Structures are given as C-alpha cells and as structure tokens.
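Read the structure below first, then the notes.
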Amino acid sequence: MNLRPTQQAILGYTQTGGRMAVAAVPGSGKTFTLTLLAAQLIADGQIGNGQQVLIVTYLNTSVDNFKARIRERLAEFGLNPDVGYDVRTLHSLGLEIVRFVNGGEAGNELIVLDEAQADRFLNLAIDNWRDAYPLAWNSFLPSEGATPQAQARWRRTVEKTAKAFIRTAKNERYRPDVVLSKLEELEKRLAEEADEALTERFSRPFLRMLAGVYANYQAIVTRQGALDFNDLIGQAADLMATRPDLAAVLRQRWPYVLEDEAQDSVPLQETLLGALTGEGGNWVRVGDPNQAITSTFTAAHPRFLTDFLQQPDVVAQPLPHSGRCAPKILTAANELVRWTSEKHVVPEVRANAFLPQEMLPTPAGDAQPNPPDRESRIVVKVYSHREDEELPDVARLAHIYTQRRPEQTVAILVPTNDLGHKISERLDQLEASYDNLLRGGTREREIASVIHAMIALLGDPLKGKHLRDAYMALVEIGHPAADVPEAQLDRFEPMLRSVVQAEKLLYPAPNSEDLQESLPRGVVKRQDFEYIGRFVQFLQRIFPLRLLPIDDLVIALSDELFAYDDNDINETDLAIAYQIANLLRGWYDMNPTWRLPELATELADIANGRRHLSVVRPEEGGYEPQPARITLTTQHGSKGLEWDGVFLVGIDGMWVPGDLDAYFLGVDDQLGGDPTAELTAQLKALMTGGDGSYPGRTPTESAHIEVICERLRLFYVGITRAKRFLQISRSRKTRTYRQERDSVPATALGTMYRYVKSIGDG
C-alpha cells in the first residue's frame, strides 16, 4: 500500500503503544488512517483472544463506516473480518458500561432521553418554576408591560440560558442540591457582610431561578427513571472511578482505545475515556482543532484536544496532506489561519482560534491527487445592496453551475437557517434541483403540519375546525382527496367548519341524505358532493389507524398522505415522517396517559415553526451530494461533506465579528450582557471561586471571544469544503437586528480578497 510518510509514522504506534494525538487537516484521510491503524493492531498480534480495539466515534453512521472499512482491511490481511474490534458512539459506550454493571438484565432497560424529550422536561421544569414564583418571573420583564412579544423573548432567553446552565453543571459534576446549598450560603454571607463587590459579581435572582429550574428538571428526569445524555456519561465515568474491578475488566476487554473527532470532546467524554485507558494506557485521539465548531453551544471545546497534544507523555503526529482541494484553495485556508494567528486585533483570538498547522497538497504519485489549479477558481463578491441582491444572485449562479457542470456537485452554505429558507424560496422560483438540509425547513413544517392536522382530526373527528384544517392540509400537499378547483376553496373552508352532525358526514347511511344534511344549507352545490365524497372516502380509510400505536399510526399515515398512486414518497419526506413518529412515541412513553389530542397539541409547535425537530445531521443520515443537484445547508451542517463547487453566503462582520466592539447576537441590555455567558460564569464562581473567563475579561467579553474564534473556524470549514470552485460573498447592507446599518465587512473576508487578487482570480 502506497502510504504517505506521515501515515506510515502513525502506524508505527502498533509497536510503541501509549498515548498519541493526531492533528488531521480537512481531507487528510483520517478515517482511512484510523481504520488502518485498528486493523494493523489486530494483524500485528497486539489484540489477544477475547480482546478488542475500541473505536469511539461521534455519529451512528460513522460506526457502520468504520466497521465496513475495518472488515475490508482485515480481509486483505487474510484475517477473520469480524473479530478483534468494537466500534461505538460515546452514547452506546456509556450505555454499555452502565448496563455491564447492572448485569444487562432483561426488563431492567435504561431510559435515556433524546434531545426532544430532554427539551420537553426542561420546558416543564421552567413552567413549574414560573408557576411557583410568578412575581419573580415577571420581575425580569420590561417595565413598560409584559406584552406577548416580551413574554416570548423572555421565555426563549430562559430556555437557552437554562440549557447551558444545566449542561455546564453536569459536565462539571455540580449536583442541583449542592448548587442550591452553595447559593444559600452565598446569600447568607451577603446578608451578614454587605459585600458590594460580591453583590455586583452575582445576579442572584436569575442565578436562583436557574438553580431552581435545574433542580426541577433533575427531579422530573429522576421520577421518570431516566437519564439524559450527560447523566449517562457521568454515571459511566463515576463507575470507572469508583469500581477498580470494573476498570480492570474493561481495560482487559479493550486494551486500545482510538477516539475519532476528538476536537468535539466534552469534559465528561475526556474523563470517561481517560478512566477507561488508565494512567499509561493506550489511547489515540484523532481530530482537527481547526474544525471545532460546537464550542459556543455545547460543552465541547478544542482546548481539550490541544492540551492533550501538549502533554509530555503524548506523542503528537500530524496528518497535514489533503487531496480534497485545489492547491489555491488549500492556500486560502492556510492564509486565514496565518492571518488570524498573527494579525487579528483581539490577542485572545490570535492565541486560541486556530492550531497553527498548514494544509499541504498530497505528494506526487499519491492515490488522492489534488484537483489542478488550472481547473479551479476562487471568487470574492460584494453586493451593493441588502440580501435581496445577494441571495437571488447566488441561487441563480448555483443553478447555472449545475447546468454547465452536470457531472459536478455544488453547495450553498449559509450562516443561519433563516437565511437559507430565503434562498430556498429563490431556488424554488428557478425550479432548481436541490436538497434542503436546513433545520426547520419548509418541507419539515409542511409534513409536520399535515400529520398534525390528521392526528387532531382522528383525536376529535366531530369538531368542524379539525375537518376544515385536515382538508386544507391535504390541499397544501396536493393530495387527490382534496382535489377541488382553486376558485371553490373560499367556499369549502367555511363549509367544512360549519358542518353539523359530523358523524353523518363521515359515516352516512346507505341511500340516505345524511351527507347533504350534515352540510350547511343554502351554500352546497351539486358538484360539491363529488369533491366532499373523495375527502370522506379518504377519512374513512384512515380512521382505523387510530387503533395503532402512535409511531405506527404516523408511519401508516405517511403512506396514505405521500405515497398515493404513483407518487412514491421520497427519502427526505420519509425521514422527516419517521422523526415525527419517533418524537411522538417518545412523548407518549413519558406521558402514557396522553391520547391523540394531547399529542396533537405538542406537535402543533413544530407545525407552526415554534419548535424544530431534532433533525439528523446530513452526515449522520448518510447524506451524499449528487451531481447536478444543489445542496443547501448551513456552514455547521456542511462539516464532514465536500463538493466540487461551494457558495459561501453572508460572510460579513455581523456573522464574523472583527473585534469585541462589534454587534453580537444574544446580548441583553437589561440582564447586563450575554445571559448565557454571565450565568454559566456565575455558576463556576459560586462553586469554585473562578469563572472560566479570560484574564481581565468579563464573562460576556470572554463569550464573545469564543464566538469570534468559532466563526473563524466555521469560515475555515466552509472554505475547505470546496474542491474546485469557491465563491465567498457578502452584502454591503446586511441582516439587521435593531436598526438599519451598513454591513461591517469581516476583516477575515478582506484577507481572502487580498489573497484572491494576488493570485489573479476574480
């Protein structure tokens, strides 16, 4: 096998063992190398009978990918392709450890909450606190009055901050009772000493609220006999720390641990894997700190990997060669890293945004040669007006790209889902072929809306509003059961809402006038009975589905709604329907007294866009870009994917702030800054005396430094998705949040502009 010298050096680990960290650049073949290392450990006899190499990865589809590749390598070595390795997500690893202690007894299954269930319990915990302390809740609202808009904004602030607060508390192992006890001690001290500095440091009313919400949330989870993700990993780590016998058994079972995507490691993950391998154990961590793009909304942070790289007992190995991009695009990514690390105006950004490593083209004769520069191009485009110029032009250019290069793949990468939805409207107008991978996309809401309407009707079929809503939902998706001339729709909506004795409409007696009598007199025309008859026949066909379990009901409904006649349901629609089915099943499992009306009420939030599905990430769902078809997704959603051509949209100073004086989303003047940053810092200060801020910076300033760093890494990820063509654009007038303002150009974009001019591209 023709391996690069850097790959060959990594395989030398099979003879040394111990701790190793691999810093891999985008497109460097880290999955290939990690797979080869696992197979080589087995082939070299480092794995005994009954032992396995353990590979810990991030996504379920990565598990299948690793297994398939290791099987292939072992077969090439003439070895049993099914022996000597175990591939797990962190979730399944934690579950395995906890179940191992419990003996894996049937009927003693753990309940582990998914994201949607955890969010529901958090909202219930907030409701309970608000109902218990209504005056304290309302004290945070604007003095001019609690308008519905102000109430909604405040609720969103509490939800976001509480989620971060609980996540931080669990990763730092702060139990709710201990947090509340510490808070009581603080308040007693302040009452006795009147310490002004300490009083100024802590916003105690909000801190007490979040501590109370945390206690409520954990009480709900415990009553359900469930664990959330952090509970599961924390419990597994506790077992490893307190049960030396368990640690010894598992280290014997898994003498080597290979960790993929280590730049997304959270503290509990590092604790668990560190305990699993033990001091001096065999632990290989592979990742790219420059692609760490979840640190501002999860407990993950690239410093966990970079700190590991610098430990004296860790051998650091690079994977710097990438065959993905044309050399000029590699150089653009390197230029962003160099400029940020040397010239960014914020010192903490210079020191923390990137690991200063270069992407290198592959050597001559490599199995993955870079696309040649002569076939490649980079464009930096600044539009004079607001998004009404940039978005339609990008949609047009991407559509033209698919027509002129039908053999290539292309993507539009947007900063936010909302901006992406606007581009999707433009692509629809162009009748372009594209895959919409946005969270809360139009199609997601359409499917949730029609399923919601049908479940509401099945739950209460005698309500005229439900009849009307079900009919209009069928009209929206073009179902033949609601095939009525558009000119008649204005009559049909009030007609169905005014139905009397709906049972006669739904189940008319043979040869009777029940159908006519159930409809309002004086407005029904003869031809209306044909249209209504088709609708009634459809409803009679789906009514027996009420007897099915809720998840089976939704899946069966999806066949009726989307797979009629020759209209085969597409994979995206089916995936959304399955997610809705699983979501409703989860709600029912947690609330077994609920029936269809209660489930329909919960689903209404998704149908109305107030809540999003826990959408499977594109790479987790096994998504593969197709030639001549545009992929529309966010910069976050693009990680793990690649395209021949990439359009990066909205790269301005509102998305990539240039300094700490720029505008940042999430700042609340009434709460004195970024509430998420301030309250998580106060939690750490309460428990340890430190707040985790950069020295000399407030928690809000520290949070904004992290935002700048992560947005620069997102920009880097976007650049390195492109193989042959890259367009980066912004508008002079951009998205506005408080007032109309000129867009502030991202200084990083200025760096790209100067680079593109220097190489003669447009």
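Letters A, B, ... go to the chains of the structure tokens in the order shown; residues in each chain start at 1; ligands are counted from 1 in the same order.
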
**Message:** Can you tell me which residues surround Thr688 in chain A at a distance of at most 12 Å, considering only C-alpha atoms, apart from same-chain residues fewer than 2 positions away, and format the answer as a ChimeraX atom specification?
**Reply:** /A:169,172-174,179,182,681-686,690-692

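Using only C-alpha atoms, the contacts of range 476-490 of chain A at a cut-off of 10 Å, with sequence neighbours closer than 5 positions omitted, comprise Arg443, Glu446, Ile447, Ser449, Val450, Ala470, Tyr471, Met495, Asp528, Glu530, Tyr531, Ile532, Gly533, Arg534, Phe535, Val536, Gln537, Phe538, Leu539, Glu560, Leu561, Phe562, Ala563, Tyr564, Asp565 and Asn567 of chain A.
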
**Asked** With only C-alpha atoms as the basis for distance, which of A:Thr402, A:Ser295, A:Leu330, A:Ala473 is at the shortest distance from Leu714 in chain A?
**Response**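 Looking only at the distances to Leu714 in chain A, the closest residue turns out to be A:Ser295.
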
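Residues surrounding Pro176 in chain A within 10 Å are Ile166, Ala169, Lys170, Lys182, Ala211, Gly212, Val213, Tyr214, Ala215, Asn216, Tyr217, Gln218 and Ala219 of chain A [only C-alpha atoms; sequence separation below 6 positions excluded].
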
May I have the residues from that selection written out with N, CA and C atoms, as a PDB file, in the first residue's frame?
ATOM      1  N   ILE A 166     -27.513  23.995  32.850  1.00  0.00           N
ATOM      2  CA  ILE A 166     -27.602  22.588  33.242  1.00  0.00           C
ATOM      3  C   ILE A 166     -26.485  21.777  32.601  1.00  0.00           C
ATOM      4  N   ALA A 169     -23.335  22.552  34.523  1.00  0.00           N
ATOM      5  CA  ALA A 169     -23.374  21.944  35.854  1.00  0.00           C
ATOM      6  C   ALA A 169     -23.096  20.449  35.780  1.00  0.00           C
ATOM      7  N   LYS A 170     -23.672  19.776  34.807  1.00  0.00           N
ATOM      8  CA  LYS A 170     -23.500  18.319  34.726  1.00  0.00           C
ATOM      9  C   LYS A 170     -22.096  17.950  34.256  1.00  0.00           C
ATOM     10  N   LYS A 182     -24.943  25.924  48.058  1.00  0.00           N
ATOM     11  CA  LYS A 182     -23.924  26.957  47.904  1.00  0.00           C
ATOM     12  C   LYS A 182     -24.557  28.337  47.739  1.00  0.00           C
ATOM     13  N   ALA A 211     -30.913  27.807  39.171  1.00  0.00           N
ATOM     14  CA  ALA A 211     -30.651  26.711  40.108  1.00  0.00           C
ATOM     15  C   ALA A 211     -31.949  25.968  40.418  1.00  0.00           C
ATOM     16  N   GLY A 212     -33.049  26.720  40.554  1.00  0.00           N
ATOM     17  CA  GLY A 212     -34.343  26.084  40.805  1.00  0.00           C
ATOM     18  C   GLY A 212     -34.843  25.298  39.611  1.00  0.00           C
ATOM     19  N   VAL A 213     -34.662  25.847  38.409  1.00  0.00           N
ATOM     20  CA  VAL A 213     -35.061  25.129  37.193  1.00  0.00           C
ATOM     21  C   VAL A 213     -34.245  23.839  37.062  1.00  0.00           C
ATOM     22  N   TYR A 214     -32.946  23.925  37.354  1.00  0.00           N
ATOM     23  CA  TYR A 214     -32.082  22.742  37.302  1.00  0.00           C
ATOM     24  C   TYR A 214     -32.589  21.667  38.271  1.00  0.00           C
ATOM     25  N   ALA A 215     -32.932  22.074  39.494  1.00  0.00           N
ATOM     26  CA  ALA A 215     -33.450  21.111  40.479  1.00  0.00           C
ATOM     27  C   ALA A 215     -34.772  20.505  39.999  1.00  0.00           C
ATOM     28  N   ASN A 216     -35.652  21.344  39.440  1.00  0.00           N
ATOM     29  CA  ASN A 216     -36.930  20.838  38.911  1.00  0.00           C
ATOM     30  C   ASN A 216     -36.700  19.832  37.789  1.00  0.00           C
ATOM     31  N   TYR A 217     -35.804  20.210  36.872  1.00  0.00           N
ATOM     32  CA  TYR A 217     -35.521  19.345  35.717  1.00  0.00           C
ATOM     33  C   TYR A 217     -35.005  17.985  36.178  1.00  0.00           C
ATOM     34  N   GLN A 218     -34.032  18.009  37.082  1.00  0.00           N
ATOM     35  CA  GLN A 218     -33.453  16.737  37.508  1.00  0.00           C
ATOM     36  C   GLN A 218     -34.471  15.893  38.269  1.00  0.00           C
ATOM     37  N   ALA A 219     -35.364  16.545  39.012  1.00  0.00           N
ATOM     38  CA  ALA A 219     -36.413  15.803  39.724  1.00  0.00           C
ATOM     39  C   ALA A 219     -37.358  15.115  38.744  1.00  0.00           C
TER      40      ALA A 219
END

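In this comparison, which uses only C-alpha atoms, the residue of A:Glu710, A:Ala748, A:Thr242, A:Ile412 approaching Pro302 in chain A most closely is A:Glu710.
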
**Prompt:** Got a sec: who's within 12 Å of Ala136 in chain A, counting only C-alpha atoms, leaving out chain neighbours fewer than 5 positions off, as a ChimeraX atom specification?
**Reply:** /A:129-131,141,204-209

**Message:** With only C-alpha atoms as the counted atoms, please give the residues lying no more than 12 Å from Phe647 in chain A, apart from itself and same-chain residues fewer than 5 positions off, as number ranges by chain.
**Reply:** A: 377-381, 390-391, 393-399, 401, 409-415, 423, 630-635, 638, 715, 718-730

For the selection you just gave me, I'd like the residues written to a file as a CSV table (one decimal), in the first residue's frame, keeping N, CA and C atoms.
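What follows is the written file selection.csv:
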chain,number,residue,atom,x,y,z
A,377,ARG,N,-11.0,27.9,-9.3
A,377,ARG,CA,-11.2,29.4,-9.2
A,377,ARG,C,-11.8,29.8,-7.8
A,378,ILE,N,-11.3,30.9,-7.3
A,378,ILE,CA,-11.9,31.5,-6.1
A,378,ILE,C,-12.4,32.9,-6.4
A,379,VAL,N,-13.6,33.2,-6.0
A,379,VAL,CA,-14.2,34.5,-6.2
A,379,VAL,C,-14.7,35.1,-4.9
A,380,VAL,N,-14.4,36.4,-4.7
A,380,VAL,CA,-14.9,37.1,-3.5
A,380,VAL,C,-15.8,38.2,-4.1
A,381,LYS,N,-17.1,38.2,-3.7
A,381,LYS,CA,-18.1,39.0,-4.3
A,381,LYS,C,-18.8,39.9,-3.3
A,390,GLU,N,-28.0,39.8,-3.1
A,390,GLU,CA,-27.0,38.7,-2.9
A,390,GLU,C,-27.7,37.3,-3.0
A,391,LEU,N,-28.9,37.1,-2.3
A,391,LEU,CA,-29.5,35.8,-2.3
A,391,LEU,C,-30.0,35.3,-3.6
A,393,ASP,N,-29.0,36.2,-6.6
A,393,ASP,CA,-27.9,36.0,-7.5
A,393,ASP,C,-27.1,34.7,-7.2
A,394,VAL,N,-26.9,34.5,-5.9
A,394,VAL,CA,-26.2,33.2,-5.5
A,394,VAL,C,-27.1,32.0,-6.0
A,395,ALA,N,-28.4,32.1,-5.8
A,395,ALA,CA,-29.2,31.0,-6.2
A,395,ALA,C,-29.1,30.8,-7.7
A,396,ARG,N,-29.1,31.9,-8.4
A,396,ARG,CA,-29.0,31.9,-9.9
A,396,ARG,C,-27.7,31.2,-10.3
A,397,LEU,N,-26.6,31.7,-9.7
A,397,LEU,CA,-25.3,31.2,-10.1
A,397,LEU,C,-25.1,29.7,-9.8
A,398,ALA,N,-25.7,29.3,-8.6
A,398,ALA,CA,-25.6,27.9,-8.3
A,398,ALA,C,-26.4,27.0,-9.3
A,399,HIS,N,-27.6,27.5,-9.7
A,399,HIS,CA,-28.4,26.8,-10.6
A,399,HIS,C,-27.7,26.7,-12.0
A,401,TYR,N,-24.5,26.7,-12.4
A,401,TYR,CA,-23.4,25.8,-12.1
A,401,TYR,C,-23.8,24.3,-12.4
A,409,THR,N,-20.7,18.3,-8.2
A,409,THR,CA,-21.6,18.6,-7.1
A,409,THR,C,-21.4,20.0,-6.7
A,410,VAL,N,-22.4,20.6,-6.1
A,410,VAL,CA,-22.3,22.0,-5.7
A,410,VAL,C,-23.2,22.3,-4.4
A,411,ALA,N,-22.7,23.2,-3.6
A,411,ALA,CA,-23.5,23.5,-2.4
A,411,ALA,C,-23.6,25.0,-2.2
A,412,ILE,N,-24.7,25.5,-1.5
A,412,ILE,CA,-24.8,26.8,-1.0
A,412,ILE,C,-24.8,26.7,0.5
A,413,LEU,N,-23.8,27.3,1.2
A,413,LEU,CA,-23.6,27.2,2.6
A,413,LEU,C,-24.0,28.6,3.2
A,414,VAL,N,-24.9,28.6,4.2
A,414,VAL,CA,-25.5,29.8,4.7
A,414,VAL,C,-25.1,29.9,6.2
A,415,PRO,N,-25.1,31.1,6.8
A,415,PRO,CA,-24.8,31.2,8.2
A,415,PRO,C,-25.9,30.7,9.1
A,423,ILE,N,-33.1,31.7,0.6
A,423,ILE,CA,-32.5,31.2,-0.6
A,423,ILE,C,-33.4,30.0,-1.2
A,630,ILE,N,-28.1,20.9,-6.3
A,630,ILE,CA,-27.6,21.8,-5.3
A,630,ILE,C,-27.8,21.2,-3.9
A,631,THR,N,-26.9,21.3,-3.0
A,631,THR,CA,-27.1,21.0,-1.6
A,631,THR,C,-27.2,22.4,-0.9
A,632,LEU,N,-28.3,22.6,-0.1
A,632,LEU,CA,-28.5,23.8,0.6
A,632,LEU,C,-28.4,23.5,2.1
A,633,THR,N,-27.4,24.0,2.8
A,633,THR,CA,-27.3,23.7,4.2
A,633,THR,C,-26.5,24.8,4.9
A,634,THR,N,-26.4,24.7,6.2
A,634,THR,CA,-25.7,25.7,7.0
A,634,THR,C,-24.2,25.4,7.0
A,635,GLN,N,-23.4,26.4,7.3
A,635,GLN,CA,-21.9,26.1,7.5
A,635,GLN,C,-21.7,25.0,8.5
A,638,SER,N,-22.4,21.6,7.1
A,638,SER,CA,-21.5,21.1,6.0
A,638,SER,C,-20.3,20.3,6.4
A,715,PHE,N,-15.7,29.6,9.1
A,715,PHE,CA,-15.2,30.1,7.8
A,715,PHE,C,-14.2,29.1,7.2
A,718,GLY,N,-16.0,26.1,5.9
A,718,GLY,CA,-16.6,26.4,4.6
A,718,GLY,C,-15.7,26.4,3.4
A,719,ILE,N,-14.5,27.1,3.6
A,719,ILE,CA,-13.5,27.1,2.6
A,719,ILE,C,-13.0,25.7,2.2
A,720,THR,N,-12.8,24.9,3.2
A,720,THR,CA,-12.2,23.6,2.9
A,720,THR,C,-13.2,22.5,2.5
A,721,ARG,N,-14.5,22.9,2.3
A,721,ARG,CA,-15.5,22.0,1.7
A,721,ARG,C,-15.3,22.0,0.1
A,722,ALA,N,-14.7,23.0,-0.4
A,722,ALA,CA,-14.7,23.2,-1.9
A,722,ALA,C,-13.5,22.5,-2.5
A,723,LYS,N,-13.7,21.8,-3.6
A,723,LYS,CA,-12.6,21.1,-4.3
A,723,LYS,C,-12.1,22.0,-5.4
A,724,ARG,N,-13.0,22.6,-6.2
A,724,ARG,CA,-12.5,23.3,-7.5
A,724,ARG,C,-13.0,24.7,-7.5
A,725,PHE,N,-14.1,25.0,-7.0
A,725,PHE,CA,-14.7,26.4,-7.1
A,725,PHE,C,-15.2,26.9,-5.8
A,726,LEU,N,-14.8,28.1,-5.5
A,726,LEU,CA,-15.3,28.7,-4.2
A,726,LEU,C,-15.7,30.1,-4.4
A,727,GLN,N,-16.9,30.5,-4.1
A,727,GLN,CA,-17.4,31.9,-4.1
A,727,GLN,C,-17.7,32.3,-2.7
A,728,ILE,N,-17.1,33.4,-2.2
A,728,ILE,CA,-17.4,34.0,-0.9
A,728,ILE,C,-18.1,35.3,-1.1
A,729,SER,N,-19.3,35.5,-0.5
A,729,SER,CA,-20.0,36.8,-0.7
A,729,SER,C,-20.5,37.4,0.5
A,730,ARG,N,-20.8,38.7,0.4
A,730,ARG,CA,-21.5,39.4,1.5
A,730,ARG,C,-22.2,40.6,0.8

**Request:** Considering only C-alpha atoms, state which residue in the set A:Asn608, A:Gln7, A:Asn417, A:Gln149 is at the smallest distance from Ala448 in chain A.
**Result:**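 Of all the options, A:Asn608 lies closest to Ala448 in chain A.
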
**Request:** List the neighbours of Leu110 in chain A out to 10 Å using only C-alpha atoms; skip same-chain residues closer than 6 positions along the sequence, and give me the result as a list in words.
**Result:**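 Near Leu110 in chain A, the qualifying residues are Leu95, Val98, Arg99, Asn102, Gly104, Gly225, Ala226, Leu227 and Leu232 of chain A.
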
Same residues, N, CA and C atoms, output as a compact mmCIF listing (two decimals), in the first residue's frame:
# COMPACT_ATOMS: atom_id res chain seq x y z
N LEU A 95 -23.69 3.59 27.73
CA LEU A 95 -24.79 2.65 27.98
C LEU A 95 -24.25 1.25 28.26
N VAL A 98 -22.75 1.12 31.90
CA VAL A 98 -23.77 1.12 32.95
C VAL A 98 -24.54 -0.20 32.93
N ARG A 99 -24.88 -0.69 31.75
CA ARG A 99 -25.58 -1.98 31.67
C ARG A 99 -24.70 -3.13 32.15
N ASN A 102 -25.08 -3.39 35.72
CA ASN A 102 -26.42 -3.87 36.08
C ASN A 102 -26.69 -5.29 35.61
N GLY A 104 -27.04 -6.29 32.62
CA GLY A 104 -27.77 -6.36 31.36
C GLY A 104 -29.05 -7.16 31.45
N GLY A 225 -37.40 7.76 36.02
CA GLY A 225 -36.44 6.66 35.99
C GLY A 225 -35.53 6.73 34.79
N ALA A 226 -35.23 7.96 34.35
CA ALA A 226 -34.49 8.15 33.10
C ALA A 226 -33.15 8.83 33.37
N LEU A 227 -32.32 8.86 32.35
CA LEU A 227 -31.06 9.59 32.35
C LEU A 227 -31.02 10.44 31.09
N LEU A 232 -25.87 9.94 31.70
CA LEU A 232 -25.38 8.62 31.28
C LEU A 232 -23.85 8.59 31.28

**Item:** Using only C-alpha atoms: which of A:His301, A:Arg546, A:Lys757, A:Lys30 has the shortest distance to Gly640 in chain A
**Value:**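 Between A:His301, A:Arg546, A:Lys757, A:Lys30, the residue approaching Gly640 in chain A most closely is A:Lys30.
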
**Request:** Please run DSSP on the backbone and report, as a ChimeraX atom specification, all residues within range 194-391 of chain A that come out as helix (DSSP H, G or I).
**Result:** /A:196-201,204-223,229-242,244-253,262-264,267-277,289-291,303-309,327-343,347-352,373-375,387-391

**Message:** Quick one: residues within 10 Å of range 65-77 of chain A, only C-alpha atoms, excluding same-chain residues fewer than 4 positions away - as an NGL selection string?
**Reply:** :A and (31-32 or 34-40 or 42-43 or 55-57 or 59-61 or 81-88 or 622)

**Asked** How many Å lie between CA of Ser498 in chain A and CA of Pro544 in chain A, rounded to one decimal?
**Response**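 One can read the CA of Ser498 in chain A to CA of Pro544 in chain A distance as 24.8 Å.
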